[in-house]
Structures are given as structure tokens and as C-alpha cells.
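Working notes for the structure below.
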There are 2 protein chains.
Amino acid sequence: MIRLNASDAGFSRAFTDLVNARREADEDVARDVTAMIARVRTEGDAAVKELTQRFDRFDLDTQGWKLDRADCLAAWEGLQPELRDALELAAERIAIYHSKQKPEDRDEIDSAGVRLGARWRAVDAAGVYVPGGRAAYPSSVLMNALPARAAGVGRLVMVTPTPNGEVNPLVLAAAHLAGVDEIWRIGGAQAIAALAYGTETIEPVDVITGPGNAWVAEAKRQLYGVVGIDMVAGPSEIVVVADGENDADWIAADLLSQAEHDPTSQSILFTDDAGFADKVAEAVERALAQLATEKTARASWDANGAIIVVPDLVAAMPLVDRLAPEHLELACDNAEGLFEMVRHAGSVFIGRYTPEAVGDYVAGPNHVLPTGRRARFASGLSVLDFMKRTSFLSLDEAGLAAIGPAAVALARAEGLPAHAESVAIRLRSK
Amino acid sequence: MIRLNASDAGFSRAFTDLVNARREADEDVARDVTAMIARVRTEGDAAVKELTQRFDRFDLDTQGWKLDRADCLAAWEGLQPELRDALELAAERIAIYHSKQKPEDRDEIDSAGVRLGARWRAVDAAGVYVPGGRAAYPSSVLMNALPARAAGVGRLVMVTPTPNGEVNPLVLAAAHLAGVDEIWRIGGAQAIAALAYGTETIEPVDVITGPGNAWVAEAKRQLYGVVGIDMVAGPSEIVVVADGENDADWIAADLLSQAEHDPTSQSILFTDDAGFADKVAEAVERALAQLATEKTARASWDANGAIIVVPDLVAAMPLVDRLAPEHLELACDNAEGLFEMVRHAGSVFIGRYTPEAVGDYVAGPNHVLPTGRRARFASGLSVLDFMKRTSFLSLDEAGLAAIGPAAVALARAEGLPAHAESVAIRLRSK
């Protein structure tokens, strides 16, 4: 963890270094992934089977390619009632929030008598990647599958690796709740390639979303354009802006909730109270000592954590915009006022009773958010990622007479005579 | 050009081949582009200057890096009045259409007393790539710059190569009209890299849009995630669905308006009238013989053109969806009814008086559209490409008491105790 003070002489340089620090592991997986995609594209099922045997150590043909609805229902019914209730509350709130994201169609006639508009439709099929093993999160199933459902996607496919053939029941229960149509027991770059190109057994999809390791992320990047993808995701991060009136233990808990994700995660506190900064630093140490995920959280906090003292919280806001954080907590009296100043953040958590983790699970907005300063230009996952817009235009003879001549003039100026003629031939018919 | 008949025995196979035919040149530019991006990133201005000298054969330092507002104004004033009027009509209509795309913010309080919503903001800076030479289109300047303006982008940058130092006055005039803030005389992968990472002279941007050659497209693909980009663009295409009541010369003109773009462009006619199909084939030959762009258009028509006879036009619509064309013209009596059936198309042109070219210039909707079957999952360029959404959440003590326990349960089930504790510590305070 580094401590910075915005009033210090070297602050500008030190903060710029913090902004530009790369936390993403430079795993050189591009060439491996290119080869794996090419194999799946040409060899289909055989390649998927062989790569699954190699990486997940089980045989798809003998243990089964698919998990079916009965498996999901059984997993759901096997859950503790408390967890079922929690998942149901989460699913309901996520579904409601995302259903309101559905865009409206446009269909209007303008002053020139030209009819024009745009119509939104869901993609035919979407694939959701769900990691296996340690990071197999039912919340991730809901956050990816429910926006697709809200969009009206006809065929919702899940892929998830089952290392050594072991299935994660929480993930299956969430798939049951989300109404996933197909589940394939495959993972890695081979699963992304199978979804993008299809195989003998697996029909291709149009959009692929969901988190994954470096191989999965690179496969999505390489196949962007063959299919739609959600985003290039990097390590998670949180920025907390807090005054000295907070309980230091609460703020420490918030910082650690991000740090426990991964050693590359980042937690940053801005405060206008140097004494409070000390208290939070101590509280983090106390909390770490009691945390089951201490090893990961400590690695993240030590390498990437930061506490920055600013003269006042308003002065923190331009610095926050430069970080463009995935998550931003505003735990202070004037949280609303500070929120108005924010330009770049994936999601903002306003007030002392809004810990970021409540947004990870049950609040409703999506937890798939732009990382690594991408909130400058990117948005969280939404219904729009599973829909596309078709614009349309309808002119009658009078409408074409009104605006057609300008099109003819521009087409000729651009050296495109067939463009010009396709309009001019209709204008001459009058 | 191939002729197919949907009633023939081999049609299914032949049509699938047509759908899957790859028209994109497999230029192996990835490695070159990777190296150029790395050079610009590390060497900045020096690399941009050297690459511009090599590819565009002029010296940025002596001839100037920038074109300024006075250059644009002079180009504007030097235009023929007819062209000025045409550009003004186009700009006005494009601006109005795109201004209505601005999304609405959400801010609501739900039944649990939880405040939640989403807020849209423009990106700080956008860069528009405008090709030099033959494909330097003022319409492209308007179609890329005006949506950024409508979004409220603060800094709108244009890059355009000026081979041998020669500037295209039409492009500058359009930049004047669109209110571009900066114009840099650079192109190729080096221009994309300079916009993405910035150099000593050029500040970086957040989003890059605009068409370009294979190097430009690959640079955008590689830098996707560092900046936002519009889309991976491929060769242009049109599908025309026409009954026998059309003038064959009109339909031929429409097919050629796409074919004249590039030898890789594609024009396809579906008709339910075999006699009309013959007439169009003849009309295309007649029109080609008189076309200044004959060479390109003929190469495209010969290699990629198709005329497909279907038993009735309704039967064509599922085939059109499989092609998911960039442009779709419906020139028939029941155009509205067929339009209702369309699931996948970039833009649809309804009725006999709506040639696609009118949409390229003056209608209002964007002419940057998904190609190569990407309309299955992608949309045309819009204001949304220059904006991003920040979700937000605000809970009070009662709201957290209502939904917090479910978050605690799920976080524990996922093995994330610090997530659970950040909520539980606040619940315990009551």
C-alpha cells in the first residue's frame, strides 16, 4: 500500500504513476489461443473433446457434453432455503432493473415527408461463459444471463468447465433460476471458439459474454467481430472517497472486499482527514488478520492499495475521473454533490450505507463493469449488449424529390456515379 | 454473378456457400501493425513523423502537422454553392436524427426503498479517421463527427493522411461544417496508435471511429480496449428484394451503387419473377458499359453478385436474415409486411422510391453499418458509441436491512468473506 498526500511536492508524478500502473498480467497467450481457435474451427467436436481432456482431465463422450434441465433443477432443490431465497431476491431485482433498459423503437415522419426510424431486436442466440473452480460464481450467471433474457434472446447457452468432471451445484442452481436453455461442460479458449463458429454438436451463438481467465479473454478479443462480446475485462478495482466521520472498520471492509478478488485487484481510499487515513490503515491490518481470504487480499493491498489524503473531498474528484474506476464509493456528507461531479466510473455507490458488495449481488444494476480506466469510454453489461438496432427509411416520390438532388450532388462530388444514378434515375421518372 | 433458383435441387448448398463466402482480403498485416503501434507508443512524435514520411512521402515538420480552422473555412468557401447546400442539408438532417438517439438517464426509488439508476455522459475526446486519396468522402466526415457532436463530446479530433502533402478540400469543408476541433495530417496504423496512446504533440482520445484500409482496421482491432472503437468493418453489401413490377434499370442502378465501392463489395437481388431477373441482368450490363467506375463495379458484380429467384418474396426473408446484410432494399408492393419479418439487417430501405444511396448522404440515419453478417449482433454507428453509462445505487439503513442479508448469504456461498463482512458490519450497527 502506498500513502500519498496531494499537498506533497512529488504528488503529481506519483499519482500519474498510480494511474498508469499496469496490473494486468502480460501472459503471452495470444499464439496459443490463435492455434486453439483454428483447431476448433476446422476439427470441431474432436478438437473440443481433446482440449477438454487435456485441460479439464475428463472425457466429454463418456461423462457427457451437456448438463440438462434436470441437473439444474436438482441442484436448485438441493440448496439451503436461505440461499434459494437470496438467489431469488437477486434474480428478481436484476430482472426488473434490466427490463427497464430495453430501448424504444423510433418511427417518425419528418418535415420533408421522409419516414425514418430505428427498430431494436434481440440477437438470436447468446452464450454466457462461467468459469469453473474457485471463481465459479452464481451471481455471475445471473448478471450475464438475466440481461439476455430481458432482451428477449431466443436461445441462451452457457458454457462452463467442469475440471475432473466436477460440477458446481451453485452455478447449476443459478442457471435453473435464470432459465438457461443449454449448458455445455466446456471451458477455456476452446469453449469460446466452439460458441463462435459452432461444431457438429454445438450451434454457434451471436454474442458471448462472461468473465474468464487470460485464455478466455484473449479468445474473446480475437473473435470480436465474428461474434459480439461484452468487453475486454481486466483486474477489478474500487475507489472509496470518505470523510473522517466514517467508521474506519466499515471503510476497511469495503477496501478488502475488492482486494480479496485477486492479487491484481486494486483498492484506493481518498480522504480529507489524515487521522482517519491512519485509522483505516490500522483497521485494514486488523481485518486482514481475521480474513479467510487473507493471502489474496494482503497481496493485492500490499502491491496495489493506496491511501491518498486530499485537502478536501471536492479536490479528489478530478483525480477519481483520471482513475475512471470500475467501482466508486462516496461515503461522506455531501455524497450527492460529489456524485454530480463524477464523469468516469463504472458504477457509483452513494452514501455510508451503500457498500459496493451489495451491488455485486442483489441491488439490480449489473456487476459486469468496465475496468482498467475503460469507464472513460465503456459501460457495464446491459440489455443493449444482447440487442441490435436496424435503422430504416421510406421515401415516396415527393420525399425523394425533396432530398434526392442533394444526394446526387454529393455522390458525384465523391466520384461515385452509380450512387448518383440510383437516385437520379428515379428523379427523372417524374 | 451467380444465378440461383430456390426451387432447384442444389439450392440449399449453393446458398449456404454464398452466405459463408469470405470476401475480406486476408492481408497479413497483424505483425506489421503490432510493430508500428509499439513504435508510436514508445517513440511518439518521432515514429509518427518517420512513418508519415515513409508512407505519405511528406515531412510533417516542414509542411505542418495540423490543418487549422482557417484551412477548413477556406475549403468551405471555395466549394460550389450547390455542394455547400447539399452538405448543409445532409448535416442538418444527420444532426437532427442523431440528436434523438441520446439516451435518457434513470433515477428511481424501488419498493425496498433503494435508489438506483444510470447516468449517461459523453466521452471526453473522440477521434475520427478519414481516409485520404480515392476514398476521401465528406459524407464520412459528417456521419462520424456529427454523432460525436450530438453526444456532447468535448474534443473532436480528425486524422486524415495527406499523401504527398495533398489535402482534400471536400474533406476539410465537411470538417468545417461538422465543427471538428483538431485535424492532424496523419493516417494508417500510426495515426490510430497516436490517437490511442497520445504523443508529445497529440493528446490521446477515448474513442476512435471511421473507415480505413486493412492497416487501419487492424490497428483499431488491436487497440480495442485501450480505446473504444466503432466496429470491425468489412466489404460493403446490398440485398435488394424486388418484384416484377419494378423498372429493371432502377434495380440495376441500386445493385451497381454498391458494386462500385470496391471489388470485394457484394450486390444480391432476390425476385419472384424469373423474367424480371433476366431483365435486371441485362440492365446491369447496359449500365456497366456507361459507368465511369465500370472496372471496380464489374469486378464486384462478376465475383460477388447474385440473382436469386424465389417462389414468392416472403420466402426470401429467412434467406435475407441468414445474410444479415448491411443494406436491404424492399422494392415491392408489400414492403411494409416484409419489413416486419426482417430480424437481421443494418439498415432497411422501404419502397420503390428509397434507393440505398439516399441513405448514404442525406436521409439522416448513419451510413456506418455492420457488414459481413455482423448485423446479427451489431448496430450502425450512433450517439451511443460516443457515450457511456454509469450505474448508481444509494441505500439507507432501512434499504440495506431489506436487501443486505441476501448479499451476505451469497457472498459467503461464493467464498468471499470480505464481501460479506462489508455488508454485515453495517447490518450489525443497528
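As shown in the C-alpha cells, the chain order sets the letters A, B, ...; within each chain, residues go from 1, and ligands are also counted from 1 in the order they appear.
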
Tell me, as a PDB file with C-alpha atoms, in the first residue's frame, which residues lie within 9 Å of Asn168 (chain B), counting only C-alpha atoms; anything in the same chain fewer than 3 positions away does not count.
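out-v3.pdb was written with the following content:
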ATOM      1  CA  ALA B  75     -12.105  24.974 -48.290  1.00  0.00           C
ATOM      2  CA  GLY B 132      -7.018  10.025 -47.839  1.00  0.00           C
ATOM      3  CA  GLY B 133      -6.877   9.607 -51.579  1.00  0.00           C
ATOM      4  CA  ALA B 136     -11.829  10.535 -49.039  1.00  0.00           C
ATOM      5  CA  THR B 162      -2.430  13.764 -46.979  1.00  0.00           C
ATOM      6  CA  VAL B 171     -12.993  16.667 -46.504  1.00  0.00           C
ATOM      7  CA  LEU B 172     -11.855  19.945 -44.969  1.00  0.00           C
ATOM      8  CA  ALA B 173     -15.120  21.621 -45.914  1.00  0.00           C
TER       9      ALA B 173
END

**Item:** All residues 9 Å or closer to Leu323 (chain B), only C-alpha atoms, same chain fewer than 5 positions away omitted, as a list in words
**Value:**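 In the requested form, the answer reads Leu18, Val19, Asn20, Val239, Pro318, His344, Ala345, Gly372, Arg373, Ala375 and Arg376 of chain B.
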
Go ahead and save the picked residues with N, CA, C and O atoms, as a PDB file, in the first residue's frame.
ATOM      1  N   LEU B  18     -22.865 -19.233 -50.516  1.00  0.00           N
ATOM      2  CA  LEU B  18     -22.916 -17.779 -50.704  1.00  0.00           C
ATOM      3  C   LEU B  18     -22.853 -17.064 -49.350  1.00  0.00           C
ATOM      4  O   LEU B  18     -22.137 -16.069 -49.187  1.00  0.00           O
ATOM      5  N   VAL B  19     -23.592 -17.588 -48.369  1.00  0.00           N
ATOM      6  CA  VAL B  19     -23.605 -16.973 -47.034  1.00  0.00           C
ATOM      7  C   VAL B  19     -22.210 -17.016 -46.419  1.00  0.00           C
ATOM      8  O   VAL B  19     -21.758 -16.048 -45.799  1.00  0.00           O
ATOM      9  N   ASN B  20     -21.530 -18.128 -46.603  1.00  0.00           N
ATOM     10  CA  ASN B  20     -20.244 -18.321 -45.933  1.00  0.00           C
ATOM     11  C   ASN B  20     -19.042 -17.806 -46.712  1.00  0.00           C
ATOM     12  O   ASN B  20     -17.920 -17.826 -46.195  1.00  0.00           O
ATOM     13  N   VAL B 239     -28.579  -6.095 -50.342  1.00  0.00           N
ATOM     14  CA  VAL B 239     -29.539  -7.089 -50.800  1.00  0.00           C
ATOM     15  C   VAL B 239     -30.786  -6.322 -51.237  1.00  0.00           C
ATOM     16  O   VAL B 239     -31.280  -5.469 -50.489  1.00  0.00           O
ATOM     17  N   PRO B 318     -36.380 -15.311 -44.799  1.00  0.00           N
ATOM     18  CA  PRO B 318     -35.449 -16.092 -43.960  1.00  0.00           C
ATOM     19  C   PRO B 318     -34.047 -16.174 -44.577  1.00  0.00           C
ATOM     20  O   PRO B 318     -33.045 -16.227 -43.850  1.00  0.00           O
ATOM     21  N   HIS B 344     -32.473  -9.386 -39.113  1.00  0.00           N
ATOM     22  CA  HIS B 344     -31.055  -9.016 -39.135  1.00  0.00           C
ATOM     23  C   HIS B 344     -30.721  -8.201 -40.376  1.00  0.00           C
ATOM     24  O   HIS B 344     -30.601  -8.749 -41.481  1.00  0.00           O
ATOM     25  N   ALA B 345     -30.542  -6.898 -40.202  1.00  0.00           N
ATOM     26  CA  ALA B 345     -30.072  -6.023 -41.284  1.00  0.00           C
ATOM     27  C   ALA B 345     -29.556  -4.746 -40.653  1.00  0.00           C
ATOM     28  O   ALA B 345     -30.064  -4.317 -39.606  1.00  0.00           O
ATOM     29  N   GLY B 372     -20.664  -7.922 -43.351  1.00  0.00           N
ATOM     30  CA  GLY B 372     -20.195  -9.299 -43.197  1.00  0.00           C
ATOM     31  C   GLY B 372     -21.012 -10.101 -42.200  1.00  0.00           C
ATOM     32  O   GLY B 372     -20.448 -10.817 -41.369  1.00  0.00           O
ATOM     33  N   ARG B 373     -22.336  -9.997 -42.249  1.00  0.00           N
ATOM     34  CA  ARG B 373     -23.259 -10.732 -41.377  1.00  0.00           C
ATOM     35  C   ARG B 373     -23.205 -10.263 -39.924  1.00  0.00           C
ATOM     36  O   ARG B 373     -23.796 -10.893 -39.045  1.00  0.00           O
ATOM     37  N   ALA B 375     -24.682  -7.754 -38.702  1.00  0.00           N
ATOM     38  CA  ALA B 375     -25.980  -7.219 -38.266  1.00  0.00           C
ATOM     39  C   ALA B 375     -26.728  -8.230 -37.406  1.00  0.00           C
ATOM     40  O   ALA B 375     -27.731  -7.884 -36.775  1.00  0.00           O
ATOM     41  N   ARG B 376     -26.242  -9.476 -37.343  1.00  0.00           N
ATOM     42  CA  ARG B 376     -26.806 -10.443 -36.386  1.00  0.00           C
ATOM     43  C   ARG B 376     -26.644  -9.956 -34.946  1.00  0.00           C
ATOM     44  O   ARG B 376     -27.425 -10.301 -34.070  1.00  0.00           O
TER      45      ARG B 376
END

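Among the candidates B:Asp206, B:Gly234, B:Ala214, B:Ala277, the residue lying nearest to chain A is B:Asp206 (atoms considered: only C-alpha atoms).
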
**Best match for closeness to Ala259 (chain A) among A:Ala6, A:Leu400, A:Met1, A:Met317, counting only C-alpha atoms** = A:Met1

**Request:** May I have the residues of chain A within 6 Å of chain B, counting only C-alpha atoms, written as a PyMOL selection string?
**Result:** chain A and resi 86+123+206+225+228+232+253-254+256-257+345-350+353-354+357-358+361-362+377-379+388-397+406-407+418-419+422

**Request:** Return as an NGL selection string the full set of residues in region 37-170 of chain B whose backbone-based DSSP assignment is strand (DSSP E).
**Result:** :B and (66-67 or 106-109 or 115-122 or 125-129 or 155-159)

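Take the candidates B:Ala178, B:Ala402, B:Val167, B:Ile238 and check each one against Pro147 (chain B) using only C-alpha atoms; the shortest distance goes to B:Ala178.
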
**Request:** Would you list the contacts of region 194-199 of chain B as a list in words, taking every protein, DNA or RNA residue within 8 Å and counting only C-alpha atoms, but skipping same-chain residues closer than 4 positions in sequence?
**Result:**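 Selected residues are Val40, Arg41, Gly44, Asp45, Val48, Gly127, Gln190, Glu203, Pro204, Val205, Asp206, Ile208, Leu223, Val226 and Val227 of chain B.
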